[in-house]
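Source file: model_28.cif (mmCIF, C-alpha atoms and all ligand atoms)
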data_work
#
loop_
_atom_site.label_atom_id
_atom_site.label_comp_id
_atom_site.auth_asym_id
_atom_site.auth_seq_id
_atom_site.Cartn_x
_atom_site.Cartn_y
_atom_site.Cartn_z
CA MET A 1 0.00 0.00 0.00
CA THR A 2 2.72 2.45 1.03
CA VAL A 3 4.77 1.60 -2.07
CA TRP A 4 1.73 2.21 -4.29
CA LEU A 5 0.97 5.53 -2.55
CA LEU A 6 4.55 6.73 -2.97
CA SER A 7 4.76 5.71 -6.63
CA HIS A 8 1.48 7.56 -7.22
CA ALA A 9 2.22 10.45 -4.84
CA ALA A 10 0.92 13.24 -7.09
CA LEU A 11 -2.29 11.34 -7.85
CA THR A 12 -2.81 10.47 -4.16
CA ARG A 13 -2.34 14.10 -3.12
CA PHE A 14 -4.64 15.36 -5.88
CA ALA A 15 -7.37 12.81 -5.02
CA VAL A 16 -7.33 13.73 -1.31
CA VAL A 17 -7.18 17.49 -1.92
CA ALA A 18 -9.95 17.39 -4.58
CA SER A 19 -12.18 15.33 -2.26
CA VAL A 20 -11.64 17.66 0.69
CA PHE A 21 -12.21 20.66 -1.60
CA GLY A 22 -15.56 19.20 -2.74
CA ILE A 23 -16.70 18.45 0.81
CA LEU A 24 -15.71 21.90 2.14
CA LEU A 25 -17.38 23.57 -0.84
CA LEU A 26 -20.66 21.91 0.10
CA VAL A 27 -20.19 22.81 3.77
CA GLN A 28 -19.49 26.48 3.05
CA MET A 29 -22.60 26.61 0.81
CA ARG A 30 -24.71 25.12 3.61
CA ILE A 31 -23.29 26.91 6.66
CA PRO A 32 -21.33 30.01 5.61
CA ARG A 33 -19.66 32.23 8.21
CA ARG A 34 -20.00 35.38 6.08
CA GLY A 35 -21.55 34.26 2.78
CA ASP A 36 -19.90 37.06 0.78
CA VAL A 37 -20.70 37.03 -2.93
CA SER A 38 -17.58 36.56 -5.06
CA PRO A 39 -17.06 38.89 -8.06
CA ARG A 40 -17.64 37.27 -11.45
CA GLY A 41 -14.72 35.12 -12.60
CA ARG A 42 -12.98 35.08 -9.20
CA TYR A 43 -13.34 31.33 -8.66
CA LEU A 44 -11.92 30.57 -12.11
CA ARG A 45 -9.01 32.99 -11.63
CA ASN A 46 -8.08 31.49 -8.24
CA LEU A 47 -8.48 27.94 -9.59
CA SER A 48 -6.27 28.69 -12.60
CA LEU A 49 -3.26 29.62 -10.42
CA PRO A 50 -2.44 26.09 -9.15
CA VAL A 51 -2.76 24.83 -12.74
CA ILE A 52 -0.22 27.42 -13.94
CA SER A 53 2.08 26.60 -10.97
CA ALA A 54 1.85 22.86 -11.64
CA ALA A 55 2.70 23.35 -15.34
CA MET A 56 5.67 25.59 -14.48
CA ILE A 57 7.03 23.14 -11.88
CA TYR A 58 6.57 20.20 -14.25
CA LEU A 59 8.62 22.02 -16.90
CA LEU A 60 11.32 23.36 -14.56
CA LEU A 61 11.96 20.73 -11.91
CA PRO A 62 13.03 17.12 -12.49
CA LEU A 63 11.88 15.91 -9.05
CA THR A 64 8.90 16.23 -6.74
CA LEU A 65 9.56 16.62 -3.00
CA VAL A 66 8.57 12.98 -2.45
CA SER A 67 10.98 11.68 -5.11
CA PHE A 68 13.65 14.06 -3.74
CA ALA A 69 13.19 12.43 -0.30
CA ALA A 70 13.63 9.00 -1.95
CA VAL A 71 16.89 10.14 -3.61
CA ILE A 72 18.39 11.48 -0.36
CA ALA A 73 17.42 8.23 1.41
CA GLU A 74 19.35 6.26 -1.24
CA GLN A 75 22.33 8.59 -0.84
CA HIS A 76 22.14 8.51 3.02
CA ILE A 77 21.87 12.31 3.16
CA GLY A 78 20.29 14.10 6.13
CA LEU A 79 19.93 13.49 9.86
CA PHE A 80 17.43 10.61 9.85
CA ASN A 81 19.26 8.77 7.07
CA MET A 82 22.33 8.62 9.34
CA LEU A 83 20.54 7.75 12.59
CA GLU A 84 18.70 4.56 13.51
CA TRP A 85 15.70 6.14 15.21
CA PRO A 86 12.29 4.40 15.22
CA MET A 87 10.33 5.26 12.05
CA ALA A 88 7.35 6.58 14.04
CA VAL A 89 9.60 9.05 15.91
CA GLU A 90 11.22 10.27 12.68
CA PHE A 91 7.79 10.57 11.07
CA ALA A 92 6.38 12.68 13.94
CA ILE A 93 9.47 14.91 14.12
CA THR A 94 9.33 15.48 10.34
CA LEU A 95 5.69 16.64 10.48
CA ILE A 96 6.35 18.99 13.40
CA ALA A 97 9.66 20.33 12.00
CA LEU A 98 8.16 20.99 8.56
CA ASP A 99 5.23 22.85 10.11
CA LEU A 100 7.63 24.96 12.19
CA ALA A 101 9.73 25.68 9.07
CA ILE A 102 6.65 26.74 7.10
CA TYR A 103 5.58 29.01 9.97
CA TRP A 104 8.93 30.86 9.69
CA GLN A 105 8.76 30.92 5.90
CA HIS A 106 5.35 32.59 6.09
CA ARG A 107 6.55 35.06 8.74
CA ALA A 108 9.64 35.92 6.68
CA MET A 109 7.39 36.57 3.69
CA HIS A 110 5.66 39.31 5.67
CA VAL A 111 8.96 40.88 6.78
CA PHE A 112 11.31 40.95 3.80
CA PRO A 113 10.13 43.19 0.93
CA TRP A 114 11.16 40.83 -1.93
CA LEU A 115 9.45 37.88 -0.26
CA TRP A 116 6.37 40.00 0.44
CA ARG A 117 6.16 40.67 -3.31
CA LEU A 118 5.94 36.90 -3.92
CA HIS A 119 3.37 36.39 -1.16
CA ARG A 120 1.32 39.57 -1.67
CA LEU A 121 -1.01 38.06 -4.28
CA HIS A 122 -2.43 35.75 -1.63
CA HIS A 123 -3.44 38.81 0.42
CA THR A 124 -4.94 40.82 -2.45
CA ASP A 125 -8.07 38.65 -2.58
CA LEU A 126 -11.07 40.66 -1.39
CA ASN A 127 -13.01 37.54 -0.41
CA PHE A 128 -12.27 34.93 2.20
CA GLU A 129 -13.49 31.52 1.07
CA LEU A 130 -12.20 28.16 -0.10
CA THR A 131 -10.53 29.13 -3.41
CA LEU A 132 -8.35 31.67 -1.57
CA ALA A 133 -6.38 28.61 -0.38
CA LEU A 134 -5.26 28.14 -4.01
CA ARG A 135 -4.39 31.77 -4.72
CA PHE A 136 -0.59 31.70 -4.58
CA HIS A 137 1.73 33.15 -7.16
CA PRO A 138 3.67 30.44 -9.08
CA PHE A 139 6.94 32.09 -7.96
CA GLU A 140 5.92 31.75 -4.31
CA ILE A 141 5.14 28.06 -4.92
CA LEU A 142 8.57 27.63 -6.54
CA PHE A 143 10.34 29.42 -3.66
CA SER A 144 8.46 27.31 -1.14
CA LEU A 145 9.45 24.09 -2.94
CA PHE A 146 13.16 24.95 -2.72
CA TYR A 147 12.80 25.95 0.94
CA LYS A 148 10.96 22.74 1.83
CA GLY A 149 13.56 20.78 -0.16
CA LEU A 150 16.32 22.26 2.01
CA VAL A 151 14.48 21.31 5.23
CA ILE A 152 13.71 17.80 3.90
CA GLY A 153 17.37 17.38 2.86
CA ALA A 154 18.66 18.51 6.28
CA LEU A 155 16.25 16.22 8.13
CA GLY A 156 16.63 13.25 5.79
CA ALA A 157 12.83 13.04 5.90
CA SER A 158 11.24 9.85 4.57
CA PRO A 159 9.14 9.99 1.38
CA LEU A 160 6.06 8.83 3.32
CA ALA A 161 6.46 11.61 5.93
CA VAL A 162 6.94 14.19 3.15
CA LEU A 163 3.84 13.02 1.28
CA SER A 164 1.85 12.99 4.53
CA TYR A 165 2.88 16.55 5.38
CA GLU A 166 2.19 17.78 1.85
CA ILE A 167 -1.34 16.35 2.06
CA LEU A 168 -1.90 17.69 5.60
CA LEU A 169 -0.65 21.15 4.60
CA ALA A 170 -3.00 21.29 1.59
CA VAL A 171 -5.98 19.99 3.58
CA PHE A 172 -5.41 22.53 6.36
CA ALA A 173 -4.92 25.32 3.83
CA LEU A 174 -8.36 24.49 2.41
CA PHE A 175 -9.96 24.15 5.84
CA SER A 176 -8.46 27.35 7.28
CA HIS A 177 -9.60 29.43 4.26
CA ALA A 178 -13.11 27.97 4.06
CA ASP A 179 -16.03 30.29 4.77
CA ILE A 180 -17.65 27.87 7.19
CA HIS A 181 -19.39 28.52 10.46
CA ILE A 182 -17.96 26.55 13.35
CA ALA A 183 -19.68 26.94 16.72
CA GLU A 184 -17.53 29.08 19.00
CA ARG A 185 -17.07 26.39 21.64
CA TRP A 186 -15.72 24.02 18.95
CA ASP A 187 -13.54 26.73 17.44
CA GLN A 188 -12.08 27.44 20.90
CA ARG A 189 -11.28 23.77 21.42
CA LEU A 190 -9.82 23.26 17.94
CA ARG A 191 -7.68 26.40 17.97
CA LYS A 192 -5.83 25.25 21.10
CA LEU A 193 -3.81 23.07 18.74
CA PHE A 194 -4.93 23.63 15.13
CA ILE A 195 -5.59 26.53 12.75
CA THR A 196 -9.31 27.20 12.27
CA PRO A 197 -11.04 29.44 9.68
CA ASP A 198 -11.84 32.07 12.36
CA TRP A 199 -8.20 32.02 13.47
CA HIS A 200 -6.82 32.41 9.95
CA ARG A 201 -9.39 34.97 8.75
CA VAL A 202 -7.69 37.52 11.05
CA HIS A 203 -4.55 37.07 8.90
CA HIS A 204 -6.53 38.31 5.88
CA SER A 205 -7.75 41.49 7.59
CA VAL A 206 -7.12 44.82 5.90
CA HIS A 207 -5.60 46.09 9.17
CA ARG A 208 -1.85 45.66 8.94
CA ASN A 209 -1.32 44.55 12.56
CA GLU A 210 -3.85 41.76 11.96
CA THR A 211 -2.36 40.79 8.57
CA ASP A 212 0.97 40.43 10.38
CA SER A 213 -0.31 37.82 12.83
CA ASN A 214 -1.53 34.21 12.88
CA TYR A 215 1.09 32.85 10.49
CA GLY A 216 0.57 29.17 11.36
CA ASN A 217 -0.50 26.67 8.71
CA LEU A 218 -1.40 23.53 10.60
CA LEU A 219 -0.54 23.94 14.29
CA SER A 220 -1.45 27.09 16.24
CA ILE A 221 1.29 26.48 18.82
CA TRP A 222 3.94 28.35 16.79
CA ASP A 223 2.01 31.62 16.88
CA ARG A 224 1.61 31.22 20.66
CA LEU A 225 5.25 30.27 21.14
CA PHE A 226 6.62 33.12 19.02
CA ALA A 227 4.11 35.78 20.10
CA SER A 228 2.30 36.38 16.83
CA VAL A 229 -1.26 35.58 17.94
CA ASN A 230 -4.23 37.81 17.26
CA GLU A 231 -7.21 35.91 18.66
CA GLN A 232 -10.05 37.99 17.13
CA PRO A 233 -10.38 40.69 14.45
CA ARG A 234 -11.09 44.15 15.82
CA ASP A 235 -14.05 44.69 13.44
CA GLY A 236 -15.63 41.29 14.06
CA HIS A 237 -15.65 38.28 11.71
CA ARG A 238 -18.75 39.31 9.74
CA SER A 239 -17.86 43.01 9.31
CA MET A 240 -14.10 42.85 8.87
CA LYS A 241 -12.71 43.99 5.52
CA ILE A 242 -10.67 41.36 3.66
CA GLY A 243 -7.57 42.10 1.58
CA LEU A 244 -4.98 44.86 1.58
CA GLY A 245 -5.45 48.60 1.58
CA GLU A 246 -4.01 48.62 -1.95
CA PHE A 247 -4.53 46.50 -5.10
CA ARG A 248 -8.31 46.53 -4.72
CA ASP A 249 -8.95 47.74 -8.29
CA ASP A 250 -10.28 45.53 -11.11
CA VAL A 251 -6.94 45.40 -12.96
CA SER A 252 -5.17 43.94 -9.89
CA GLN A 253 -7.94 41.36 -9.50
CA ARG A 254 -7.77 40.05 -13.10
CA LEU A 255 -5.44 37.19 -14.03
CA PRO A 256 -2.75 39.24 -15.89
CA GLY A 257 -2.62 41.71 -12.97
CA MET A 258 -2.47 38.82 -10.51
CA LEU A 259 0.46 37.21 -12.36
CA MET A 260 2.24 40.60 -12.53
CA GLN A 261 1.76 41.20 -8.79
CA PRO A 262 5.42 40.55 -7.74
CA PHE A 263 6.58 43.20 -10.21
CA LEU A 264 4.10 45.92 -9.23
CA SER A 265 5.06 48.74 -6.95
CA THR A 266 2.76 49.43 -4.07
CA GLN A 267 -0.09 51.78 -4.83
CA SER A 268 0.07 54.55 -2.28
CA SER A 269 -3.48 55.89 -2.66
CA THR A 270 -5.08 53.72 0.00
CA GLY A 271 -2.37 51.56 1.47
CA SER A 272 1.02 51.72 3.07
CA SER A 273 3.98 52.04 0.75
CA LYS A 274 6.03 49.78 3.05
CA PRO A 275 5.96 46.02 3.32
CA PRO A 276 4.26 44.76 6.47
CA HIS A 277 6.34 43.88 9.48
CA ALA A 278 5.89 40.94 11.79
ZN ZN A 301 0.39 35.81 4.77
#
Starting from the file, lay out its structure as structure tokens.
Ligand SMILES: [Zn+2]
Amino acid sequence: MTVWLLSHAALTRFAVVASVFGILLLVQMRIPRRGDVSPRGRYLRNLSLPVISAAMIYLLLPLTLVSFAAVIAEQHIGLFNMLEWPMAVEFAITLIALDLAIYWQHRAMHVFPWLWRLHRLHHTDLNFELTLALRFHPFEILFSLFYKGLVIGALGASPLAVLSYEILLAVFALFSHADIHIAERWDQRLRKLFITPDWHRVHHSVHRNETDSNYGNLLSIWDRLFASVNEQPRDGHRSMKIGLGEFRDDVSQRLPGMLMQPFLSTQSSTGSSKPPHA
């Protein structure tokens, strides 16, 4: 089973992510938190970005992260490929270490101006719902792949642990961006350990101090540990404005403008001319 999953890693990941996407889409139609109406064409534009990223990666890179992990295992590269630790321990450490690494990647993207340019597209969406989880610039995806490759290489992470984290990361990205209503008592329980939609919506607030908080992707412990928590949005979940102060015009929201986002200078009419700071 494991061998089959690893030899069909891309298909496995796609099947899980597409299934979770379908389920969450139904849930957010049934019990929306805000129920904002998306502008015409927004779904298609957000959905087209992962297709463009996948095509670019397919053309540029010879290996996926899972096959990269298999190569380093063969070559005995990385910590776990030199140690004889129990597989379960290595598996658990890999998931936790990758989530910590992604927390710091996300935080760095809000601090360094050139990284903010790669990440900014994700924050220019004016709606907060499921397809926002797919709205990443292809260059950000490429940067993230190299970064994760470095962490995987240093750890000597197993292909199964890498595939598991990739699937978990995608599933939590979908869940945390879904416009679904979760009863407060359940949200409070869940957010003790995991990222919830209410937790992550704060990160998409137009207020800069809220944008620069709640960086976690899967576990909420990193934001607590490194003091970047913002428990609730100041304007309330239903009234809060989503997006940035700038790039709210139609041109920025169309696909060519979205793809050009890393090369655009900040519009100073409504927003800050500086990158955000963590
Ligand atoms: Zn962000």
| request: Extract, using all atoms listed in the file, all DNA, RNA and protein residues at most 12 Å from His8 of chain A, discarding same-chain residues fewer than 2 positions from it, and format them as a ChimeraX atom specification. | output: /A:1-6,10-15,64,66-67,159-160,163
| request: Rank A:Arg248, A:Gly78, A:Asn230, A:Arg238 by their smallest atom-to-atom distance to Gly149 of chain A, using all atoms listed in the file, and report the top residue only. | output: A:Gly78
| field | Neighbour list for Arg117 of chain A as a ChimeraX atom specification, cut-off 9 Å, all atoms listed in the file, skip fewer than 3 positions in-chain | value | /A:109,112-114,120-121,140,261-265,275
Using all atoms listed in the file, find each residue of chain A with at least one atom at most 8 Å away from an atom of ligand ZN 301 (chain A); report its shortest atom-to-atom pair and that distance in Å (one decimal), sort the rows by chain and rising residue number, and return the result as JSON lines.
{"residue": "A:His106", "atom": "CA", "partner": "A:ZN301", "partner_atom": "ZN", "distance": 6.1}
{"residue": "A:Arg107", "atom": "CA", "partner": "A:ZN301", "partner_atom": "ZN", "distance": 7.4}
{"residue": "A:Met109", "atom": "CA", "partner": "A:ZN301", "partner_atom": "ZN", "distance": 7.1}
{"residue": "A:His110", "atom": "CA", "partner": "A:ZN301", "partner_atom": "ZN", "distance": 6.4}
{"residue": "A:His119", "atom": "CA", "partner": "A:ZN301", "partner_atom": "ZN", "distance": 6.7}
{"residue": "A:Arg120", "atom": "CA", "partner": "A:ZN301", "partner_atom": "ZN", "distance": 7.5}
{"residue": "A:His122", "atom": "CA", "partner": "A:ZN301", "partner_atom": "ZN", "distance": 7.0}
{"residue": "A:His123", "atom": "CA", "partner": "A:ZN301", "partner_atom": "ZN", "distance": 6.5}
{"residue": "A:His203", "atom": "CA", "partner": "A:ZN301", "partner_atom": "ZN", "distance": 6.6}
{"residue": "A:His204", "atom": "CA", "partner": "A:ZN301", "partner_atom": "ZN", "distance": 7.4}
{"residue": "A:Thr211", "atom": "CA", "partner": "A:ZN301", "partner_atom": "ZN", "distance": 6.8}
{"residue": "A:Asp212", "atom": "CA", "partner": "A:ZN301", "partner_atom": "ZN", "distance": 7.3}
{"residue": "A:Tyr215", "atom": "CA", "partner": "A:ZN301", "partner_atom": "ZN", "distance": 6.5}
Go ahead and write the residues just picked, C-alpha atoms, as a CSV table (one decimal), in the frame of the given file.
chain,number,residue,atom,x,y,z
A,106,HIS,CA,5.4,32.6,6.1
A,107,ARG,CA,6.6,35.1,8.7
A,109,MET,CA,7.4,36.6,3.7
A,110,HIS,CA,5.7,39.3,5.7
A,119,HIS,CA,3.4,36.4,-1.2
A,120,ARG,CA,1.3,39.6,-1.7
A,122,HIS,CA,-2.4,35.8,-1.6
A,123,HIS,CA,-3.4,38.8,0.4
A,203,HIS,CA,-4.6,37.1,8.9
A,204,HIS,CA,-6.5,38.3,5.9
A,211,THR,CA,-2.4,40.8,8.6
A,212,ASP,CA,1.0,40.4,10.4
A,215,TYR,CA,1.1,32.8,10.5
| Å distance separating atom CA of Leu26 of chain A from atom CA of His177 of chain A, one decimal place | 14.0 Å
| message | Would you pick out the contacts of Thr131 of chain A at 10 Å or less, using all atoms listed in the file, so that residues sharing its chain but fewer than 6 positions from it are not included, and give the list as a PyMOL selection string? | response | chain A and resi 21+25+42-47+125+173-174+177-179
Got time to write the residues from that selection, C-alpha atoms, as an mmCIF file, keeping the file's coordinate frame?
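Written output follows (out21.cif):
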data_model
loop_
_atom_site.group_PDB
_atom_site.id
_atom_site.type_symbol
_atom_site.label_atom_id
_atom_site.label_comp_id
_atom_site.auth_asym_id
_atom_site.auth_seq_id
_atom_site.Cartn_x
_atom_site.Cartn_y
_atom_site.Cartn_z
ATOM 1 C CA PHE A 21 -12.210 20.660 -1.600
ATOM 2 C CA LEU A 25 -17.380 23.570 -0.840
ATOM 3 C CA ARG A 42 -12.980 35.080 -9.200
ATOM 4 C CA TYR A 43 -13.340 31.330 -8.660
ATOM 5 C CA LEU A 44 -11.920 30.570 -12.110
ATOM 6 C CA ARG A 45 -9.010 32.990 -11.630
ATOM 7 C CA ASN A 46 -8.080 31.490 -8.240
ATOM 8 C CA LEU A 47 -8.480 27.940 -9.590
ATOM 9 C CA ASP A 125 -8.070 38.650 -2.580
ATOM 10 C CA ALA A 173 -4.920 25.320 3.830
ATOM 11 C CA LEU A 174 -8.360 24.490 2.410
ATOM 12 C CA HIS A 177 -9.600 29.430 4.260
ATOM 13 C CA ALA A 178 -13.110 27.970 4.060
ATOM 14 C CA ASP A 179 -16.030 30.290 4.770
#
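Nearest residue to Val16 of chain A, choosing from A:Ile221, A:Leu169, A:Glu246, A:Asn209 and counting all atoms listed in the file: A:Leu169.
Compared by their closest atoms to Asp36 of chain A, and using all atoms listed in the file, the residues A:Phe128, A:Trp199, A:Phe194, A:Phe136 rank with A:Phe128 nearest.
Atom to atom, atom CA of Glu74 of chain A and atom CA of Gln105 of chain A stand 27.8 Å apart.
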| Separation of atom CA of Val202 of chain A from atom CA of Leu24 of chain A in Å | 19.7 Å
Counting only C-alpha atoms, I want the residues whose atoms come within 9 Å of (8.2, 23.9, 1.9) in the file frame, returned as a PDB file with C-alpha atoms, keeping the file's coordinate frame.
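Output (result-v6.pdb):
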ATOM      1  CA  LEU A  65       9.560  16.620  -3.000  1.00  0.00           C
ATOM      2  CA  LEU A  98       8.160  20.990   8.560  1.00  0.00           C
ATOM      3  CA  ASP A  99       5.230  22.850  10.110  1.00  0.00           C
ATOM      4  CA  ALA A 101       9.730  25.680   9.070  1.00  0.00           C
ATOM      5  CA  ILE A 102       6.650  26.740   7.100  1.00  0.00           C
ATOM      6  CA  GLN A 105       8.760  30.920   5.900  1.00  0.00           C
ATOM      7  CA  ILE A 141       5.140  28.060  -4.920  1.00  0.00           C
ATOM      8  CA  PHE A 143      10.340  29.420  -3.660  1.00  0.00           C
ATOM      9  CA  SER A 144       8.460  27.310  -1.140  1.00  0.00           C
ATOM     10  CA  LEU A 145       9.450  24.090  -2.940  1.00  0.00           C
ATOM     11  CA  PHE A 146      13.160  24.950  -2.720  1.00  0.00           C
ATOM     12  CA  TYR A 147      12.800  25.950   0.940  1.00  0.00           C
ATOM     13  CA  LYS A 148      10.960  22.740   1.830  1.00  0.00           C
ATOM     14  CA  GLY A 149      13.560  20.780  -0.160  1.00  0.00           C
ATOM     15  CA  LEU A 150      16.320  22.260   2.010  1.00  0.00           C
ATOM     16  CA  VAL A 151      14.480  21.310   5.230  1.00  0.00           C
ATOM     17  CA  ILE A 152      13.710  17.800   3.900  1.00  0.00           C
ATOM     18  CA  GLU A 166       2.190  17.780   1.850  1.00  0.00           C
TER      19      GLU A 166
END
Please write out, as AutoDock Vina command-line options, where the centre of an axis-aligned box around all listed atoms of segment 92-109 of chain A lies and how long its edges are, in Å to one decimal, after adding 6 Å on each side.
--center_x 7.5 --center_y 24.6 --center_z 8.9 --size_x 16.5 --size_y 35.9 --size_z 22.4
| request: Considering only C-alpha atoms, return as an MDAnalysis selection string whatever protein or nucleic-acid residues lie within 9 Å of Leu255 of chain A, sequence-local ones (same chain, fewer than 4 positions apart) excluded. | output: chainID A and resid 45:46 48:49 251 259:260
| request: Pick out the residues sitting within 9 Å of Ser158 of chain A, and hand them over as a ChimeraX atom specification; count all atoms listed in the file, and ignore anything fewer than 6 positions along from it in its own chain. | output: /A:66,69-70,72-73,80-81,87,90-91,94,152
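Among A:Ser38, A:Gln75, A:Asn127, A:Gln232, the residue with the shortest atom-to-atom distance to Arg191 of chain A, counting all atoms listed in the file, is A:Gln232.
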